[in-house]
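Just model-v6.txt here, compact mmCIF, C-alpha atoms:
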```txt
# COMPACT_ATOMS: atom_id res chain seq x y z
CA MET I 1199 15.04 13.63 -11.32
CA PRO I 1200 16.32 15.10 -8.07
CA PRO I 1201 14.25 14.19 -5.04
CA LEU I 1202 12.05 16.46 -2.99
CA GLU I 1203 14.61 17.77 -0.50
CA ILE I 1204 13.44 18.34 3.06
CA ASP I 1205 16.02 19.95 5.32
CA HIS I 1206 14.98 18.37 8.63
CA LEU I 1207 12.50 15.79 9.90
CA ASN I 1208 10.83 18.56 11.91
CA ALA I 1209 9.83 20.16 8.58
CA LEU I 1210 8.26 17.02 7.08
CA LYS I 1211 4.71 18.03 8.03
CA GLU I 1212 5.07 21.24 5.99
CA PHE I 1213 5.21 19.06 2.85
CA GLU I 1214 1.85 17.32 3.38
CA GLY I 1215 -0.06 17.12 0.12
CA ARG I 1216 3.01 17.69 -2.05
CA GLU I 1217 4.07 15.37 -4.83
CA ALA I 1218 7.75 14.72 -5.37
CA PRO I 1219 9.18 14.81 -8.89
CA PRO I 1220 8.83 11.45 -10.69
CA THR I 1221 11.70 9.07 -10.06
CA ASP I 1222 14.12 7.85 -12.70
CA TRP I 1223 13.07 4.88 -14.82
CA LEU I 1224 14.16 1.41 -13.70
CA VAL I 1225 14.13 -1.55 -16.10
CA LEU I 1226 12.70 -4.82 -14.77
CA THR I 1227 14.87 -7.38 -16.52
CA GLN I 1228 14.12 -11.08 -16.80
CA ASP I 1229 17.18 -11.68 -14.62
CA ARG I 1230 15.70 -9.54 -11.81
CA ILE I 1231 12.35 -11.31 -12.17
CA GLN I 1232 14.09 -14.72 -11.98
CA LYS I 1233 16.05 -13.72 -8.87
CA PHE I 1234 12.83 -12.55 -7.20
CA ALA I 1235 11.14 -15.83 -8.15
CA ASP I 1236 14.04 -17.76 -6.60
CA ALA I 1237 14.03 -15.64 -3.43
CA THR I 1238 10.27 -16.02 -2.90
CA GLU I 1239 9.77 -19.56 -4.27
CA ASP I 1240 7.18 -18.14 -6.70
CA ARG I 1241 8.25 -19.69 -9.98
CA GLN I 1242 4.96 -19.58 -11.85
CA TRP I 1243 5.61 -19.94 -15.59
CA ILE I 1244 4.17 -16.52 -16.41
CA HIS I 1245 7.15 -15.03 -14.58
CA VAL I 1246 10.01 -17.42 -15.41
CA ASP I 1247 9.33 -19.21 -18.72
CA PRO I 1248 9.75 -16.72 -21.60
CA GLU I 1249 9.02 -19.31 -24.32
CA ARG I 1250 5.76 -20.50 -22.76
CA ALA I 1251 4.75 -16.94 -21.84
CA SER I 1252 5.26 -15.81 -25.44
CA ARG I 1253 2.90 -18.60 -26.59
CA GLU I 1254 0.28 -18.73 -23.83
CA SER I 1255 0.32 -15.48 -21.84
CA PRO I 1256 -2.16 -12.74 -22.70
CA TYR I 1257 0.81 -10.34 -22.29
CA GLY I 1258 2.98 -12.00 -24.95
CA SER I 1259 5.93 -12.25 -22.59
CA THR I 1260 6.83 -12.94 -19.00
CA ILE I 1261 5.71 -10.41 -16.43
CA ALA I 1262 7.12 -9.20 -13.14
CA HIS I 1263 5.54 -10.38 -9.92
CA GLY I 1264 3.24 -7.77 -8.39
CA PHE I 1265 5.16 -8.20 -5.15
CA LEU I 1266 8.44 -7.48 -6.97
CA THR I 1267 7.01 -4.17 -8.11
CA LEU I 1268 5.72 -3.50 -4.60
CA SER I 1269 9.09 -4.36 -3.06
CA LEU I 1270 10.64 -1.49 -5.00
CA LEU I 1271 8.69 1.09 -2.94
CA SER I 1272 11.71 1.60 -0.67
CA HIS I 1273 14.00 2.22 -3.63
CA PHE I 1274 11.60 4.64 -5.27
CA SER I 1275 10.73 6.53 -2.09
CA ARG I 1276 14.43 7.17 -1.42
CA GLU I 1277 14.71 8.56 -4.93
CA ALA I 1278 11.59 10.71 -4.46
CA ILE I 1279 11.93 12.18 -0.95
CA HIS I 1280 15.13 12.95 0.94
CA VAL I 1281 15.09 14.17 4.53
CA ARG I 1282 18.60 15.55 5.07
CA ASN I 1283 18.75 15.80 8.86
CA GLY I 1284 17.08 14.55 12.01
CA VAL I 1285 16.42 10.95 10.89
CA GLY I 1286 18.00 8.08 12.81
CA ILE I 1287 16.34 5.30 10.84
CA ARG I 1288 13.41 4.91 8.47
CA ILE I 1289 11.28 1.76 8.55
CA ASN I 1290 8.48 0.22 6.55
CA TYR I 1291 5.49 0.39 8.91
CA GLY I 1292 2.96 -1.26 6.61
CA LEU I 1293 0.41 -0.70 3.89
CA ASN I 1294 -3.17 0.49 3.98
CA ARG I 1295 -4.06 -0.40 0.40
CA VAL I 1296 -2.35 -1.97 -2.61
CA ARG I 1297 -3.62 -2.64 -6.12
CA PHE I 1298 -1.94 -3.91 -9.29
CA PRO I 1299 -4.03 -2.42 -12.14
CA SER I 1300 -1.73 -3.61 -14.95
CA ALA I 1301 1.10 -6.07 -15.53
CA VAL I 1302 4.76 -5.16 -16.02
CA ARG I 1303 6.24 -7.01 -18.98
CA SER I 1304 9.83 -8.21 -18.68
CA GLY I 1305 12.19 -5.57 -19.98
CA SER I 1306 9.80 -2.69 -19.25
CA ALA I 1307 10.90 0.44 -17.44
CA ILE I 1308 8.95 1.60 -14.41
CA ARG I 1309 9.05 4.74 -12.26
CA ALA I 1310 7.15 6.12 -9.31
CA ARG I 1311 5.19 9.20 -8.40
CA VAL I 1312 5.17 9.76 -4.66
CA ARG I 1313 2.86 12.11 -2.75
CA LEU I 1314 3.15 12.79 0.97
CA LEU I 1315 -0.45 12.40 2.15
CA SER I 1316 -0.06 13.01 5.86
CA VAL I 1317 2.36 13.17 8.78
CA GLN I 1318 1.67 12.31 12.41
CA GLU I 1319 4.39 13.50 14.77
CA SER I 1320 5.45 12.25 18.18
CA PRO I 1321 8.55 12.98 20.28
CA GLU I 1322 10.29 9.76 19.12
CA PHE I 1323 9.22 9.52 15.48
CA ALA I 1324 7.15 10.86 12.60
CA ASP I 1325 4.74 8.59 10.72
CA ALA I 1326 4.28 9.48 7.07
CA VAL I 1327 1.58 8.14 4.78
CA LEU I 1328 2.76 8.07 1.17
CA SER I 1329 0.66 7.58 -1.92
CA VAL I 1330 2.85 5.77 -4.44
CA THR I 1331 1.84 5.23 -8.05
CA ILE I 1332 4.22 3.09 -10.09
CA GLU I 1333 3.84 3.44 -13.82
CA SER I 1334 5.29 1.46 -16.69
CA GLN I 1335 6.54 3.20 -19.82
CA ASN I 1336 4.00 3.13 -22.64
CA ALA I 1337 1.22 1.72 -20.42
CA ASP I 1338 -2.25 3.23 -20.11
CA LYS I 1339 -2.73 2.28 -16.47
CA PRO I 1340 -0.35 2.26 -13.50
CA CYS I 1341 1.10 -1.11 -12.55
CA CYS I 1342 0.95 -0.53 -8.79
CA VAL I 1343 -0.92 1.90 -6.59
CA ALA I 1344 -0.19 1.79 -2.87
CA GLU I 1345 -0.80 3.74 0.30
CA TRP I 1346 2.32 3.14 2.36
CA LEU I 1347 3.21 3.95 5.96
CA VAL I 1348 6.78 4.94 6.71
CA ARG I 1349 8.08 5.64 10.21
CA TYR I 1350 10.99 8.06 10.58
CA TYR I 1351 12.70 7.68 13.95
CA ARG I 1352 14.35 10.86 15.18
CA ALA I 1353 18.12 10.99 15.41
```
What would you get if you wrote out this structure as structure tokens?
Amino acid sequence: MPPLEIDHLNALKEFEGREAPPTDWLVLTQDRIQKFADATEDRQWIHVDPERASRESPYGSTIAHGFLTLSLLSHFSREAIHVRNGVGIRINYGLNRVRFPSAVRSGSAIRARVRLLSVQESPEFADAVLSVTIESQNADKPCCVAEWLVRYYRA
């Protein structure tokens, strides 16, 4: 879906409380899960051993790391909200709360719903608090729910 388009950083506050259209689906392949395991040194069998996971895991397959899902916030937020002008750089400023209510099985598609909760403005930047809910296709519960702080520095 096309993102929520905001013409200028000065107009960001006007969008408080609005939810952007859901993002496109993204498949979490076993290859992506393996690369994340290698990058983070987290090679627990439930993530990287499909044969063992099919036998012993309550999910019947390998699952993505929660932190892999969380690391996709930047990708999904760019798909959800686009500020056309007035932004020099956008940085991850931190998280207030994160939960992983359900697992993401290898090969599943996920997408995000992003809501702009609040904006605090200053002369140098605008701090946005985003509520991000990542859902997996055909799952009853979201796989990640986060309250994320993003700082937009003015151009």
Counting only C-alpha atoms, which residue out of I:Arg1297, I:Arg1276, I:Arg1282, I:Arg1303 sits closest to Ala1218 (chain I)?
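Of all the options, I:Arg1276 lies closest to Ala1218 (chain I).
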What is the distance, in Å and to one decimal place, between CA of Arg1216 (chain I) and CA of Leu1202 (chain I)?
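Going from CA of Arg1216 (chain I) over to CA of Leu1202 (chain I) covers 9.2 Å.
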When you look at Gln1232 (chain I) with a cut-off of 8 Å (counting all atoms listed in the file), what residues show up, excluding the ones that are within fewer than 6 positions of it in the same chain? I need them as a PyMOL selection string.
chain I and resi 1241+1245-1246
Distance query 8 Å from (-0.4, 9.1, -4.6) using only C-alpha atoms, result as a ChimeraX atom specification
/I:1217,1311-1315,1328-1331,1343-1345
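With CA of Pro1219 (chain I) on one side and CA of Pro1200 (chain I) on the other, the separation reads 7.2 Å.
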Let me make sure I understand: among I:Phe1234, I:Tyr1351, I:Phe1213, I:Tyr1291, which one has the smallest atom-to-atom distance to Leu1270 (chain I) if we use all atoms listed in the file?
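Ranked by minimum distance to Leu1270 (chain I), first place goes to I:Phe1234.
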Would you pick out the contacts of Leu1347 (chain I) at 9 Å or less, using all atoms listed in the file, so that residues sharing its chain but fewer than 4 positions from it are not included, and give the list as a ChimeraX atom specification?
/I:1289-1294,1325-1328
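Distances to Leu1224 (chain I) were evaluated for I:Lys1339, I:His1273, I:Arg1295, I:Arg1349 using only C-alpha atoms, and the minimum falls at I:His1273.
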Residues near Val1281 (chain I), cut-off 8 Å, all atoms listed in the file, skip fewer than 3 positions along chain, as an MDAnalysis selection string
chainID I and resid 1203:1207 1210 1284:1285
Nearest to Gln1228 (chain I): which of I:Lys1211, I:Arg1253, I:His1263, I:Arg1288 is it, counting only C-alpha atoms?
I:His1263
I need every residue sitting at most 8 Å from the point (13.9, -5.8, -17.8) (coordinates as in the file, only C-alpha atoms considered), written as a list in words.
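Applying the cut-off with only C-alpha atoms, one gets Val1225, Leu1226, Thr1227, Gln1228, Asp1229, Arg1230, Arg1303, Ser1304, Gly1305, Ser1306 and Ala1307 of chain I.
The residue that comes closest to Glu1214 (chain I), out of I:Val1296, I:Ala1251, I:Ile1231, I:Val1317 and on the basis of all atoms listed in the file, is I:Val1317.
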What lies within 8 Å of Pro1340 (chain I) using all atoms listed in the file, ignoring chain neighbours under 2 positions off, as a list of chain:residue names?
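Everything that qualifies: I:Phe1298, I:Pro1299, I:Ser1300, I:Thr1331, I:Ile1332, I:Glu1333, I:Ser1334, I:Ala1337, I:Asp1338, I:Cys1342, I:Val1343.
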Taking into account all atoms listed in the file, which residue in the set I:Cys1341, I:Leu1268, I:Ala1237, I:Ile1279 is nearest to Ile1308 (chain I)?
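That would be I:Cys1341, the residue with the smallest distance to Ile1308 (chain I).
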Separation of CA of Gly1215 (chain I) and CA of Gln1318 (chain I), in Å?
13.3 Å
Please provide as an mmCIF file with C-alpha atoms, keeping the file's coordinate frame all residues within 9 Å of Asn1208 (chain I), with the sequence filter that same-chain residues fewer than 6 positions apart are discarded (counting all atoms listed in the file).
```
data_model
loop_
_atom_site.group_PDB
_atom_site.id
_atom_site.type_symbol
_atom_site.label_atom_id
_atom_site.label_comp_id
_atom_site.auth_asym_id
_atom_site.auth_seq_id
_atom_site.Cartn_x
_atom_site.Cartn_y
_atom_site.Cartn_z
ATOM 1 C CA ASN I 1283 18.750 15.800 8.860
ATOM 2 C CA GLY I 1284 17.080 14.550 12.010
ATOM 3 C CA GLU I 1319 4.390 13.500 14.770
ATOM 4 C CA ALA I 1324 7.150 10.860 12.600
#
```
Can you take the partial region 1290-1306 of chain I, add N, CA and C atoms, and return it as a CSV table (one decimal), in the frame of the given file?
```
chain,number,residue,atom,x,y,z
I,1290,ASN,N,9.7,0.6,7.2
I,1290,ASN,CA,8.5,0.2,6.6
I,1290,ASN,C,7.5,-0.1,7.7
I,1291,TYR,N,6.4,0.6,7.8
I,1291,TYR,CA,5.5,0.4,8.9
I,1291,TYR,C,4.2,-0.3,8.4
I,1292,GLY,N,4.1,-0.5,7.1
I,1292,GLY,CA,3.0,-1.3,6.6
I,1292,GLY,C,2.3,-0.6,5.5
I,1293,LEU,N,1.2,-1.2,5.0
I,1293,LEU,CA,0.4,-0.7,3.9
I,1293,LEU,C,-1.1,-0.6,4.3
I,1294,ASN,N,-1.7,0.4,3.8
I,1294,ASN,CA,-3.2,0.5,4.0
I,1294,ASN,C,-3.9,-0.1,2.8
I,1295,ARG,N,-3.4,0.0,1.6
I,1295,ARG,CA,-4.1,-0.4,0.4
I,1295,ARG,C,-3.0,-0.6,-0.7
I,1296,VAL,N,-3.2,-1.7,-1.5
I,1296,VAL,CA,-2.4,-2.0,-2.6
I,1296,VAL,C,-3.2,-2.6,-3.7
I,1297,ARG,N,-3.0,-2.1,-4.9
I,1297,ARG,CA,-3.6,-2.6,-6.1
I,1297,ARG,C,-2.6,-2.7,-7.2
I,1298,PHE,N,-2.8,-3.7,-8.1
I,1298,PHE,CA,-1.9,-3.9,-9.3
I,1298,PHE,C,-2.8,-3.8,-10.6
I,1299,PRO,N,-3.1,-2.6,-11.0
I,1299,PRO,CA,-4.0,-2.4,-12.1
I,1299,PRO,C,-3.5,-3.0,-13.5
I,1300,SER,N,-2.2,-3.1,-13.7
I,1300,SER,CA,-1.7,-3.6,-15.0
I,1300,SER,C,-0.4,-4.4,-14.7
I,1301,ALA,N,-0.1,-5.3,-15.6
I,1301,ALA,CA,1.1,-6.1,-15.5
I,1301,ALA,C,2.3,-5.3,-16.0
I,1302,VAL,N,3.5,-5.7,-15.5
I,1302,VAL,CA,4.8,-5.2,-16.0
I,1302,VAL,C,5.5,-6.3,-16.8
I,1303,ARG,N,5.6,-6.0,-18.1
I,1303,ARG,CA,6.2,-7.0,-19.0
I,1303,ARG,C,7.7,-7.0,-18.7
I,1304,SER,N,8.4,-8.1,-18.8
I,1304,SER,CA,9.8,-8.2,-18.7
I,1304,SER,C,10.5,-7.3,-19.7
I,1305,GLY,N,11.5,-6.5,-19.2
I,1305,GLY,CA,12.2,-5.6,-20.0
I,1305,GLY,C,11.6,-4.2,-20.0
I,1306,SER,N,10.4,-4.0,-19.3
I,1306,SER,CA,9.8,-2.7,-19.2
I,1306,SER,C,10.5,-1.8,-18.2
```
